[in-house]
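K.L.:
For reference, this is target-v7.pdb, and it has PDB, C-alpha atoms and all ligand atoms.
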MODEL        1
ATOM      1  CA  MET A 535     -31.534   3.077  -7.712
ATOM      2  CA  ALA A 536     -30.680   0.549  -4.969
ATOM      3  CA  HIS A 537     -27.607   1.237  -2.841
ATOM      4  CA  LYS A 538     -24.476  -0.764  -3.705
ATOM      5  CA  ALA A 539     -21.462  -1.492  -1.554
ATOM      6  CA  GLY A 540     -18.630  -3.999  -1.340
ATOM      7  CA  PHE A 541     -14.993  -4.912  -1.014
ATOM      8  CA  VAL A 542     -12.780  -4.413  -4.039
ATOM      9  CA  ASN A 543      -9.361  -5.819  -3.278
ATOM     10  CA  ILE A 544      -6.222  -5.019  -5.248
ATOM     11  CA  ILE A 545      -3.775  -7.900  -5.506
ATOM     12  CA  GLY A 546      -0.600  -8.536  -7.511
ATOM     13  CA  ASN A 547       3.173  -8.815  -7.596
ATOM     14  CA  PRO A 548       5.329  -6.217  -5.790
ATOM     15  CA  ASN A 549       5.832  -2.842  -7.462
ATOM     16  CA  VAL A 550       3.189  -3.213 -10.189
ATOM     17  CA  GLY A 551       1.307  -0.055  -9.108
ATOM     18  CA  LYS A 552      -1.373  -1.246  -6.670
ATOM     19  CA  SER A 553      -0.947   1.646  -4.270
ATOM     20  CA  THR A 554      -0.803   4.185  -7.088
ATOM     21  CA  LEU A 555      -4.154   2.890  -8.315
ATOM     22  CA  MET A 556      -5.813   2.953  -4.915
ATOM     23  CA  ASN A 557      -4.694   6.535  -4.347
ATOM     24  CA  ALA A 558      -6.042   7.447  -7.787
ATOM     25  CA  PHE A 559      -9.449   5.970  -6.940
ATOM     26  CA  VAL A 560      -9.623   7.653  -3.543
ATOM     27  CA  GLY A 561      -8.065  10.947  -4.607
ATOM     28  CA  GLU A 562      -5.853  11.066  -1.494
ATOM     29  CA  LYS A 563      -2.408   9.764  -0.715
ATOM     30  CA  LEU A 564      -3.459   6.979   1.625
ATOM     31  CA  SER A 565      -0.768   4.550   0.549
ATOM     32  CA  ILE A 566       2.889   5.355   0.175
ATOM     33  CA  ILE A 567       4.466   4.750  -3.228
ATOM     34  CA  THR A 568       8.107   4.135  -4.071
ATOM     35  CA  SER A 569      10.063   2.517  -6.870
ATOM     36  CA  LYS A 570      11.110  -0.257  -4.469
ATOM     37  CA  ALA A 571       9.356  -3.592  -4.035
ATOM     38  CA  GLN A 572       7.556  -4.355  -0.756
ATOM     39  CA  THR A 573       6.638  -0.757  -0.092
ATOM     40  CA  THR A 574       3.201  -1.671   1.255
ATOM     41  CA  ARG A 575       3.224  -3.874   4.345
ATOM     42  CA  HIS A 576      -0.386  -3.659   5.464
ATOM     43  CA  ARG A 577      -3.858  -4.031   4.101
ATOM     44  CA  ILE A 578      -5.052  -0.445   3.779
ATOM     45  CA  LEU A 579      -8.673   0.437   3.225
ATOM     46  CA  GLY A 580      -9.521   3.345   0.914
ATOM     47  CA  ILE A 581     -13.198   4.256   0.830
ATOM     48  CA  VAL A 582     -14.945   5.964  -2.083
ATOM     49  CA  ASN A 583     -18.407   7.229  -1.189
ATOM     50  CA  GLY A 584     -21.285   8.280  -3.405
ATOM     51  CA  ASP A 585     -24.996   8.862  -2.795
ATOM     52  CA  ASP A 586     -25.874   5.357  -3.902
ATOM     53  CA  PHE A 587     -22.587   3.469  -3.484
ATOM     54  CA  GLN A 588     -19.679   2.826  -1.157
ATOM     55  CA  VAL A 589     -16.607   1.143  -2.608
ATOM     56  CA  LEU A 590     -14.193  -0.315  -0.065
ATOM     57  CA  PHE A 591     -10.881  -0.612  -1.857
ATOM     58  CA  SER A 592      -8.091  -2.568  -0.206
ATOM     59  CA  ASP A 593      -4.488  -1.975  -1.097
ATOM     60  CA  THR A 594      -2.364  -5.006  -0.177
ATOM     61  CA  PRO A 595       1.329  -5.945  -0.057
ATOM     62  CA  GLY A 596       2.835  -7.400  -3.237
ATOM     63  CA  ILE A 597       2.820 -11.183  -3.317
ATOM     64  CA  ILE A 598       6.165 -12.741  -2.350
ATOM     65  CA  LYS A 599       7.471 -15.954  -0.879
ATOM     66  CA  PRO A 600       7.889 -15.061   2.800
ATOM     67  CA  ALA A 601      11.403 -15.366   4.201
ATOM     68  CA  TYR A 602      10.759 -14.051   7.703
ATOM     69  CA  GLN A 603       7.888 -13.499  10.102
ATOM     70  CA  LEU A 604       7.039  -9.940   8.969
ATOM     71  CA  GLN A 605       6.641 -11.128   5.385
ATOM     72  CA  GLU A 606       4.389 -13.947   6.569
ATOM     73  CA  SER A 607       2.121 -11.405   8.200
ATOM     74  CA  MET A 608       2.172  -9.366   5.002
ATOM     75  CA  MET A 609       1.023 -12.421   3.038
ATOM     76  CA  SER A 610      -1.733 -13.103   5.550
ATOM     77  CA  PHE A 611      -3.102  -9.639   4.698
ATOM     78  CA  VAL A 612      -3.161 -10.727   1.047
ATOM     79  CA  LYS A 613      -4.936 -13.959   1.980
ATOM     80  CA  SER A 614      -7.580 -12.045   3.896
ATOM     81  CA  ALA A 615      -8.134  -9.891   0.826
ATOM     82  CA  PHE A 616      -8.990 -13.003  -1.181
ATOM     83  CA  GLU A 617     -11.480 -14.081   1.424
ATOM     84  CA  ASP A 618     -13.776 -11.061   1.635
ATOM     85  CA  ALA A 619     -13.582  -9.626  -1.896
ATOM     86  CA  ASP A 620     -16.732  -8.874  -3.885
ATOM     87  CA  VAL A 621     -14.574  -7.922  -6.853
ATOM     88  CA  LEU A 622     -10.892  -8.777  -7.299
ATOM     89  CA  LEU A 623      -8.569  -6.399  -9.069
ATOM     90  CA  TYR A 624      -5.612  -8.477 -10.125
ATOM     91  CA  MET A 625      -2.897  -6.095 -11.269
ATOM     92  CA  VAL A 626      -0.003  -6.965 -13.545
ATOM     93  CA  GLU A 627       2.432  -4.628 -15.239
ATOM     94  CA  ILE A 628       3.484  -4.473 -18.840
ATOM     95  CA  GLY A 629       6.211  -7.032 -19.511
ATOM     96  CA  GLU A 630       5.219  -9.260 -16.628
ATOM     97  CA  GLN A 631       4.777 -12.929 -17.494
ATOM     98  CA  GLU A 632       3.462 -14.650 -14.406
ATOM     99  CA  LEU A 633       2.472 -14.421 -10.786
ATOM    100  CA  LYS A 634       5.291 -16.172  -8.972
ATOM    101  CA  ASP A 635       3.173 -17.828  -6.325
ATOM    102  CA  GLU A 636       1.248 -20.747  -7.881
ATOM    103  CA  ALA A 637      -1.237 -21.041  -5.006
ATOM    104  CA  PHE A 638      -2.321 -17.400  -5.246
ATOM    105  CA  PHE A 639      -2.431 -17.603  -9.015
ATOM    106  CA  SER A 640      -4.704 -20.613  -8.993
ATOM    107  CA  LYS A 641      -7.031 -18.776  -6.588
ATOM    108  CA  ILE A 642      -7.333 -15.996  -9.150
ATOM    109  CA  LYS A 643      -7.911 -18.390 -12.055
ATOM    110  CA  ASN A 644     -10.562 -20.311 -10.145
ATOM    111  CA  SER A 645     -12.205 -17.316  -8.546
ATOM    112  CA  LYS A 646     -15.996 -17.449  -8.249
ATOM    113  CA  ILE A 647     -16.193 -13.685  -7.932
ATOM    114  CA  PRO A 648     -15.533 -11.231 -10.791
ATOM    115  CA  VAL A 649     -11.864 -10.587 -11.586
ATOM    116  CA  LEU A 650     -10.688  -7.505 -13.423
ATOM    117  CA  LEU A 651      -7.163  -8.077 -14.660
ATOM    118  CA  LEU A 652      -5.595  -4.644 -14.848
ATOM    119  CA  LEU A 653      -2.636  -4.448 -17.178
ATOM    120  CA  ASN A 654      -0.828  -1.432 -15.734
ATOM    121  CA  LYS A 655       1.914   0.950 -16.907
ATOM    122  CA  ILE A 656       0.759   0.914 -20.522
ATOM    123  CA  ASP A 657       2.220   4.425 -20.808
ATOM    124  CA  LYS A 658       5.546   2.566 -21.040
ATOM    125  CA  SER A 659       4.475   0.266 -23.885
ATOM    126  CA  ASN A 660       3.637   0.356 -27.556
ATOM    127  CA  GLN A 661       0.618  -1.034 -29.381
ATOM    128  CA  GLU A 662       2.344  -4.229 -30.458
ATOM    129  CA  GLN A 663       3.582  -5.067 -26.976
ATOM    130  CA  LEU A 664       0.200  -4.217 -25.501
ATOM    131  CA  GLU A 665      -1.621  -6.556 -27.872
ATOM    132  CA  ALA A 666       0.797  -9.391 -27.114
ATOM    133  CA  GLN A 667       0.285  -8.891 -23.375
ATOM    134  CA  VAL A 668      -3.505  -8.822 -23.657
ATOM    135  CA  GLN A 669      -3.267 -12.069 -25.627
ATOM    136  CA  LEU A 670      -1.005 -13.664 -23.003
ATOM    137  CA  TRP A 671      -3.233 -12.793 -20.050
ATOM    138  CA  THR A 672      -6.432 -13.754 -21.889
ATOM    139  CA  GLU A 673      -4.988 -17.243 -22.236
ATOM    140  CA  LYS A 674      -3.651 -17.400 -18.695
ATOM    141  CA  VAL A 675      -6.725 -16.085 -16.880
ATOM    142  CA  PRO A 676      -9.746 -16.779 -19.105
ATOM    143  CA  ASN A 677     -12.188 -15.888 -16.322
ATOM    144  CA  ALA A 678     -10.931 -12.287 -16.057
ATOM    145  CA  GLU A 679     -11.932  -9.107 -17.860
ATOM    146  CA  ILE A 680      -8.708  -7.546 -19.068
ATOM    147  CA  VAL A 681      -8.362  -3.766 -18.923
ATOM    148  CA  PRO A 682      -5.167  -1.948 -19.949
ATOM    149  CA  ILE A 683      -4.575   1.039 -17.681
ATOM    150  CA  SER A 684      -2.049   3.585 -16.504
ATOM    151  CA  ALA A 685      -2.555   4.203 -12.805
ATOM    152  CA  LEU A 686       0.089   6.927 -12.908
ATOM    153  CA  GLU A 687      -1.480   8.875 -15.765
ATOM    154  CA  GLU A 688      -4.992   7.889 -14.708
ATOM    155  CA  PHE A 689      -5.718   6.353 -18.083
ATOM    156  CA  ASN A 690      -8.847   4.103 -17.991
ATOM    157  CA  VAL A 691      -9.100   4.494 -14.208
ATOM    158  CA  LYS A 692     -12.544   6.105 -14.424
ATOM    159  CA  GLU A 693     -13.704   3.324 -16.774
ATOM    160  CA  VAL A 694     -12.524   0.665 -14.316
ATOM    161  CA  PHE A 695     -14.318   2.471 -11.523
ATOM    162  CA  ASN A 696     -17.601   2.515 -13.484
ATOM    163  CA  ARG A 697     -17.261  -1.181 -14.217
ATOM    164  CA  ILE A 698     -16.692  -1.850 -10.501
ATOM    165  CA  ILE A 699     -19.919  -0.036  -9.630
ATOM    166  CA  GLU A 700     -21.775  -2.270 -12.106
ATOM    167  CA  LEU A 701     -20.306  -5.381 -10.499
ATOM    168  CA  LEU A 702     -20.933  -4.414  -6.872
ATOM    169  CA  PRO A 703     -23.709  -6.188  -4.975
ATOM    170  CA  GLU A 704     -26.683  -4.344  -3.570
ATOM    171  CA  SER A 705     -25.880  -3.568   0.037
ATOM    172  CA  PRO A 706     -26.100  -0.805   2.594
ATOM    173  CA  ALA A 707     -22.880   1.081   3.422
ATOM    174  CA  PHE A 708     -20.388  -0.627   5.758
ATOM    175  CA  TYR A 709     -18.796   2.565   7.088
ATOM    176  CA  PRO A 710     -20.032   6.094   7.761
ATOM    177  CA  LYS A 711     -20.220   8.010   4.485
ATOM    178  CA  ASP A 712     -17.641  10.601   5.527
ATOM    179  CA  GLN A 713     -15.000   8.014   6.367
ATOM    180  CA  LEU A 714     -12.004   7.627   4.071
ATOM    181  CA  THR A 715     -10.040   4.756   5.603
ATOM    182  CA  ASP A 716      -9.880   2.335   8.515
ATOM    183  CA  LYS A 717      -6.423   3.440   9.658
ATOM    184  CA  PRO A 718      -5.718   5.961  12.424
ATOM    185  CA  GLU A 719      -3.721   9.178  11.986
ATOM    186  CA  ARG A 720      -0.598   7.664  13.484
ATOM    187  CA  PHE A 721      -0.533   5.025  10.779
ATOM    188  CA  PHE A 722      -0.169   7.676   8.078
ATOM    189  CA  ILE A 723       2.583   9.417  10.016
ATOM    190  CA  ASN A 724       4.509   6.163  10.317
ATOM    191  CA  GLU A 725       4.036   5.402   6.645
ATOM    192  CA  THR A 726       5.131   8.867   5.516
ATOM    193  CA  ILE A 727       8.382   8.505   7.456
ATOM    194  CA  ARG A 728       8.912   4.989   6.132
ATOM    195  CA  GLU A 729       8.431   6.249   2.577
ATOM    196  CA  LYS A 730      11.356   8.660   3.008
ATOM    197  CA  ILE A 731      13.468   5.846   4.379
ATOM    198  CA  LEU A 732      12.645   3.649   1.411
ATOM    199  CA  MET A 733      13.625   6.514  -0.859
ATOM    200  CA  HIS A 734      16.935   7.456   0.748
ATOM    201  CA  TYR A 735      18.537   4.272   2.085
ATOM    202  CA  LYS A 736      19.881   1.328   0.167
ATOM    203  CA  LYS A 737      19.707  -2.431   0.250
ATOM    204  CA  GLU A 738      18.385  -4.032   3.401
ATOM    205  CA  ILE A 739      18.011  -0.848   5.494
ATOM    206  CA  PRO A 740      14.408   0.087   4.603
ATOM    207  CA  TYR A 741      13.304  -3.497   5.157
ATOM    208  CA  ALA A 742      14.788  -3.533   8.659
ATOM    209  CA  VAL A 743      12.930  -0.355   9.633
ATOM    210  CA  GLU A 744       9.648   0.078  11.464
ATOM    211  CA  ILE A 745       8.215   3.355  12.720
ATOM    212  CA  GLU A 746       6.276   3.976  15.883
ATOM    213  CA  THR A 747       4.703   7.333  16.687
ATOM    214  CA  GLU A 748       4.867   7.865  20.424
ATOM    215  CA  GLU A 749       3.338  11.277  20.678
ATOM    216  CA  PHE A 750       0.694  13.159  18.708
ATOM    217  CA  LEU A 751      -0.350  16.430  20.297
ATOM    218  CA  GLU A 752      -2.654  18.638  18.301
ATOM    219  CA  ASP A 753      -3.514  22.200  19.205
ATOM    220  CA  GLU A 754      -5.134  24.897  17.164
ATOM    221  CA  LYS A 755      -2.092  25.928  15.143
ATOM    222  CA  ILE A 756       0.350  23.060  15.265
ATOM    223  CA  ILE A 757       0.656  19.304  15.591
ATOM    224  CA  ARG A 758       3.621  18.048  17.627
ATOM    225  CA  ILE A 759       4.729  14.568  16.685
ATOM    226  CA  ARG A 760       7.455  12.368  18.124
ATOM    227  CA  SER A 761       8.268   9.151  16.289
ATOM    228  CA  VAL A 762      10.832   6.416  16.727
ATOM    229  CA  ILE A 763      12.614   4.808  13.809
ATOM    230  CA  MET A 764      13.328   1.254  14.834
ATOM    231  CA  VAL A 765      16.109  -0.779  13.257
ATOM    232  CA  GLU A 766      17.302  -4.304  13.881
ATOM    233  CA  ARG A 767      21.002  -3.668  14.566
ATOM    234  CA  ASP A 768      23.432  -1.025  15.882
ATOM    235  CA  THR A 769      25.183  -0.634  12.522
ATOM    236  CA  GLN A 770      21.844   0.228  10.933
ATOM    237  CA  LYS A 771      21.244   2.910  13.529
ATOM    238  CA  GLY A 772      24.457   4.668  12.503
ATOM    239  CA  ILE A 773      23.516   4.526   8.848
ATOM    240  CA  ILE A 774      20.054   5.974   9.471
ATOM    241  CA  ILE A 775      21.485   8.889  11.428
ATOM    242  CA  GLY A 776      24.315   9.561   8.956
ATOM    243  CA  HIS A 777      27.234  11.963   9.202
ATOM    244  CA  LYS A 778      26.460  14.514  11.924
ATOM    245  CA  GLY A 779      22.825  13.519  11.695
ATOM    246  CA  SER A 780      22.462  14.758   8.102
ATOM    247  CA  ALA A 781      20.688  11.689   6.728
ATOM    248  CA  LEU A 782      18.129  11.614   9.515
ATOM    249  CA  LYS A 783      17.574  15.331   9.143
ATOM    250  CA  ARG A 784      16.662  14.922   5.484
ATOM    251  CA  VAL A 785      14.101  12.255   6.367
ATOM    252  CA  GLY A 786      12.605  14.596   8.964
ATOM    253  CA  VAL A 787      12.393  17.611   6.665
ATOM    254  CA  GLU A 788      10.777  15.678   3.811
ATOM    255  CA  ALA A 789       8.345  13.789   6.040
ATOM    256  CA  ARG A 790       7.305  17.016   7.762
ATOM    257  CA  LYS A 791       6.509  18.660   4.423
ATOM    258  CA  ASP A 792       4.289  15.748   3.385
ATOM    259  CA  LEU A 793       2.581  15.650   6.776
ATOM    260  CA  GLU A 794       1.825  19.362   6.601
ATOM    261  CA  LYS A 795       0.005  18.692   3.335
ATOM    262  CA  PHE A 796      -1.767  15.644   4.718
ATOM    263  CA  PHE A 797      -3.004  17.318   7.903
ATOM    264  CA  ASN A 798      -3.205  20.807   6.397
ATOM    265  CA  LYS A 799      -1.495  22.213   9.482
ATOM    266  CA  GLN A 800       1.928  23.194  10.731
ATOM    267  CA  ILE A 801       3.859  20.176  12.000
ATOM    268  CA  HIS A 802       6.697  19.827  14.451
ATOM    269  CA  LEU A 803       8.319  16.440  13.909
ATOM    270  CA  GLU A 804      10.893  14.934  16.229
ATOM    271  CA  LEU A 805      12.598  11.720  15.115
ATOM    272  CA  TYR A 806      14.922   9.426  16.934
ATOM    273  CA  VAL A 807      16.416   6.016  16.229
ATOM    274  CA  LYS A 808      16.308   2.957  18.418
ATOM    275  CA  VAL A 809      17.558  -0.593  18.053
ATOM    276  CA  ASN A 810      14.864  -3.198  18.477
ATOM    277  CA  LYS A 811      16.764  -6.449  17.912
ATOM    278  CA  ASN A 812      15.257  -8.705  15.248
ATOM    279  CA  TRP A 813      11.787  -7.174  15.527
ATOM    280  CA  ARG A 814      10.894  -8.580  12.099
ATOM    281  CA  SER A 815      11.020 -12.103  13.486
ATOM    282  CA  ASN A 816       9.472 -11.439  16.873
ATOM    283  CA  GLN A 817       5.777 -12.296  17.184
ATOM    284  CA  ASN A 818       5.137  -9.913  20.063
ATOM    285  CA  GLN A 819       6.844  -6.978  18.423
ATOM    286  CA  LEU A 820       4.995  -7.608  15.174
ATOM    287  CA  LYS A 821       1.722  -7.688  17.010
ATOM    288  CA  ARG A 822       2.529  -4.384  18.635
ATOM    289  CA  PHE A 823       3.125  -2.838  15.203
ATOM    290  CA  GLY A 824      -0.187  -4.078  13.821
ATOM    291  CA  TYR A 825       0.980  -7.132  11.887
ATOM    292  CA  ASN A 826      -1.309  -9.475  13.727
ATOM    293  CA  ASN A 827      -3.690 -10.435  10.988
TER     294      ASN A 827
HETATM  295  N1  LIG B   1       5.159   4.347 -15.810
HETATM  296  C1  LIG B   1       4.292   4.025 -14.846
HETATM  297  N2  LIG B   1       4.729   3.834 -13.573
HETATM  298  C2  LIG B   1       3.819   3.511 -12.638
HETATM  299  C3  LIG B   1       2.436   3.358 -12.933
HETATM  300  N3  LIG B   1       1.797   3.019 -11.783
HETATM  301  C4  LIG B   1       2.750   2.965 -10.817
HETATM  302  N4  LIG B   1       3.965   3.265 -11.323
HETATM  303  C5  LIG B   1       5.254   3.317 -10.598
HETATM  304  O1  LIG B   1       5.594   2.019 -10.153
HETATM  305  C6  LIG B   1       6.279   2.075  -8.897
HETATM  306  C7  LIG B   1       5.562   1.216  -7.869
HETATM  307  O2  LIG B   1       4.284   1.774  -7.599
HETATM  308  P1  LIG B   1       3.446   1.358  -6.318
HETATM  309  O3  LIG B   1       2.100   1.943  -6.475
HETATM  310  O4  LIG B   1       4.221   1.666  -5.074
HETATM  311  O5  LIG B   1       3.398  -0.224  -6.521
HETATM  312  P2  LIG B   1       2.805  -1.353  -5.544
HETATM  313  O6  LIG B   1       2.246  -2.422  -6.420
HETATM  314  O7  LIG B   1       1.902  -0.742  -4.548
HETATM  315  O8  LIG B   1       4.152  -1.879  -4.837
HETATM  316  P3  LIG B   1       4.297  -2.713  -3.437
HETATM  317  O9  LIG B   1       3.561  -2.002  -2.381
HETATM  318  O10 LIG B   1       5.774  -2.707  -3.213
HETATM  319  O11 LIG B   1       3.785  -4.087  -3.729
HETATM  320  C8  LIG B   1       6.324   3.552  -8.510
HETATM  321  O12 LIG B   1       7.575   4.071  -8.911
HETATM  322  C9  LIG B   1       5.186   4.163  -9.334
HETATM  323  O13 LIG B   1       5.376   5.532  -9.636
HETATM  324  C10 LIG B   1       1.996   3.578 -14.289
HETATM  325  O14 LIG B   1       0.820   3.492 -14.639
HETATM  326  N5  LIG B   1       2.982   3.904 -15.187
HETATM  327 MG    MG B   2       2.022  -0.678  -2.506
ENDMDL
END
Rewrite the structure from the file as structure tokens, please.
Ligand SMILES: Nc1nc2c(ncn2[C@@H]2O[C@H](COP(=O)(O)OP(=O)(O)OP(=O)(O)O)[C@@H](O)[C@H]2O)c(=O)[nH]1
Ligand SMILES: [Mg+2]
P.N.:
Amino acid sequence: MAHKAGFVNIIGNPNVGKSTLMNAFVGEKLSIITSKAQTTRHRILGIVNGDDFQVLFSDTPGIIKPAYQLQESMMSFVKSAFEDADVLLYMVEIGEQELKDEAFFSKIKNSKIPVLLLLNKIDKSNQEQLEAQVQLWTEKVPNAEIVPISALEEFNVKEVFNRIIELLPESPAFYPKDQLTDKPERFFINETIREKILMHYKKEIPYAVEIETEEFLEDEKIIRIRSVIMVERDTQKGIIIGHKGSALKRVGVEARKDLEKFFNKQIHLELYVKVNKNWRSNQNQLKRFGYNN
């Protein structure tokens, strides 16, 4: 059989389960997952390799109307995912009625490449609701193949994967066959810490946070990591640290546990907090943090 390879890009509203699905395909926790919208800020490649195929999944940020510079960069990652896709996975969740951004939606409806419309979270629905939703999306996006799935319970995920392989073009591999992603180790450290911040802080705090790992020293037994948690204002710094440092400590303990699993090694994690005024609106800062798509 001829070798197949291509880009399969996952696009949709915030919080519908895009990252959960990519992790399910790859079998590793490449993307962080939380119950909050705008968890994913980057385009993250997850590679699934076989003898005669290489699928290059892209997880992308949920589609929003950008209100500040960071969000504009996030949406440019989504745009890039439209441009190079061989197959589009357009994900919606049960109960959802529309994609809020008309321009993106019309790109999906008029797509020349195959679109699989994945109706996710069907574990939360009943038969009647499911049928109504399939009907709705069939009318809205007639060019798509509609597949009800549960990314969380991995229902129909294998079937979607097999269909993707059928749709992929013949092509040699784009990356070495032992490669899993395009992101460096430090990226996953930053994301793991950010996940804990999304989980434990309210309102605007997680959205004002960026992580930078300054030091990564690996020896035989242990990895020593030092990372900075950047916030936009002094008041936010106090909140991140918490009473006698308790809130920050919890972030550190939980992130370390996850990182020990990820790297399969003992981790020493040092965290500190720094104010980086209005980094979300500063071109140069954004570039430094990898939002320069
Ligand atoms: N019940 C149920 N929950 C799910 C399913 N898939 C994802 N979730 C939950 O939905 C929430 C959002 O999941 P994510 O994978 O982070 O969603 P996302 O689309 O990547 O979100 P953004 O990155 O913010 O755009 C998490 O709480 C997941 O556990 C599913 O199939 N069923
Ligand atoms: Mg995500």
K.L.:
Can you work out which one of A:Tyr806, A:Ile759, A:Met764, A:Pro648 has the shortest atom-to-atom distance to Ala781 of chain A, counting only C-alpha atoms?
P.N.:
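Smallest separation from Ala781 of chain A among the options: A:Tyr806.
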K.L.:
List as an MDAnalysis selection string the protein and nucleic acid residues lying within 12 Å of ligand MG 2 (chain B), with all atoms listed in the file counted.
P.N.:
chainID A and resid 544:557 563:578 592:597 608 612 625 725 729
K.L.:
To box segment 577-586 of chain A, take all atoms listed in the file, fit an axis-aligned box, add 8 Å on each side, and give centre and edge lengths in Å to one decimal, as lines of an AutoDock Vina configuration file.
P.N.:
center_x = -14.9
center_y = 2.4
center_z = 0.1
size_x = 38.0
size_y = 28.9
size_z = 24.0
K.L.:
Quick one: residues within 10 Å of Phe591 of chain A, only C-alpha atoms counted, chain neighbours fewer than 4 positions away excluded, as an NGL selection string?
P.N.:
:A and (540-544 or 555-557 or 559-560 or 577-582 or 619 or 621-623 or 715)
K.L.:
How far is it from atom CA of Glu744 of chain A to atom CA of Ile763 of chain A, in Å with one decimal?
P.N.:
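Separation of atom CA of Glu744 of chain A and atom CA of Ile763 of chain A: 6.1 Å.
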K.L.:
I'd like to know which of A:Gln631, A:Asn583, A:Gln713, A:Ser659 is closest to ligand LIG 1 (chain B), using all atoms listed in the file.
P.N.:
A:Ser659
K.L.:
To one decimal place, how far is atom CA of Glu630 of chain A from atom CA of Ile680 of chain A in Å?
P.N.:
14.2 Å
K.L.:
Just so the selection is clear, what residues does the PyMOL selection byres (((chain A and resi 799) around 8) and not hetatm) cover here, as a PyMOL selection string?
P.N.:
chain A and resi 755-757+794-795+797-798+800-801
K.L.:
As a ChimeraX atom specification, please: the residues near segment 605-607 of chain A (cut-off 8 Å, only C-alpha atoms, same-chain neighbours under 4 positions excluded).
P.N.:
/A:598-601,611,825-827
K.L.:
Report, in Å with one decimal, the straight-line distance from atom C5 of ligand LIG 1 (chain B) to atom CA of Lys655 of chain A.
P.N.:
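Pair atom C5 of ligand LIG 1 (chain B) / atom CA of Lys655 of chain A returns 7.5 Å.
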K.L.:
Check the smallest atom-to-atom distance from each of A:Asn812, A:Ile731, A:Phe823, A:Arg758 to Lys783 of chain A using all atoms listed in the file, then report the winner.
P.N.:
A:Ile731
K.L.:
Nearest to Asp753 of chain A among A:Lys821, A:His802, A:Lys634, A:His537, with distances taken over all atoms listed in the file: which residue is it?
P.N.:
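Closest to Asp753 of chain A of all the choices is A:His802.
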K.L.:
So, counting all atoms listed in the file, which residue among A:Pro682, A:Pro703, A:Gly779, A:Gly786 is closest to ligand LIG 1 (chain B)?
P.N.:
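Counting all atoms listed in the file, the residue closest to ligand LIG 1 (chain B) is A:Pro682.
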K.L.:
With distances taken over all atoms listed in the file, which residue among A:Asn818, A:Gln770, A:Asn654, A:Gln669 lies nearest Glu688 of chain A?
P.N.:
A:Asn654
K.L.:
Carefully work through the PyMOL selection byres (((chain A and resi 765) around 12) and not hetatm) for this structure and note down the residues it includes, as JSON, numbers by chain.
P.N.:
{"A": [728, 731, 738, 739, 740, 741, 742, 743, 744, 745, 746, 762, 763, 764, 766, 767, 768, 769, 770, 771, 772, 773, 774, 775, 806, 807, 808, 809, 810, 811, 812, 813, 814]}
K.L.:
Enumerate, as JSON, numbers by chain, the residues matched when the PyMOL selection byres (((chain A and resi 702) around 9) and not hetatm) is run on the file above.
P.N.:
{"A": [538, 539, 540, 541, 542, 587, 589, 620, 621, 697, 698, 699, 700, 701, 703, 704, 705]}
K.L.:
List every protein, DNA or RNA residue that has an atom no more than 7 Å from (-15.0, -10.1, -15.0) in the file's coordinate frame, counting only C-alpha atoms, and report them as a list in words.
P.N.:
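Here is the list of nearby residues: Pro648, Val649, Leu650, Asn677, Ala678 and Glu679 of chain A.
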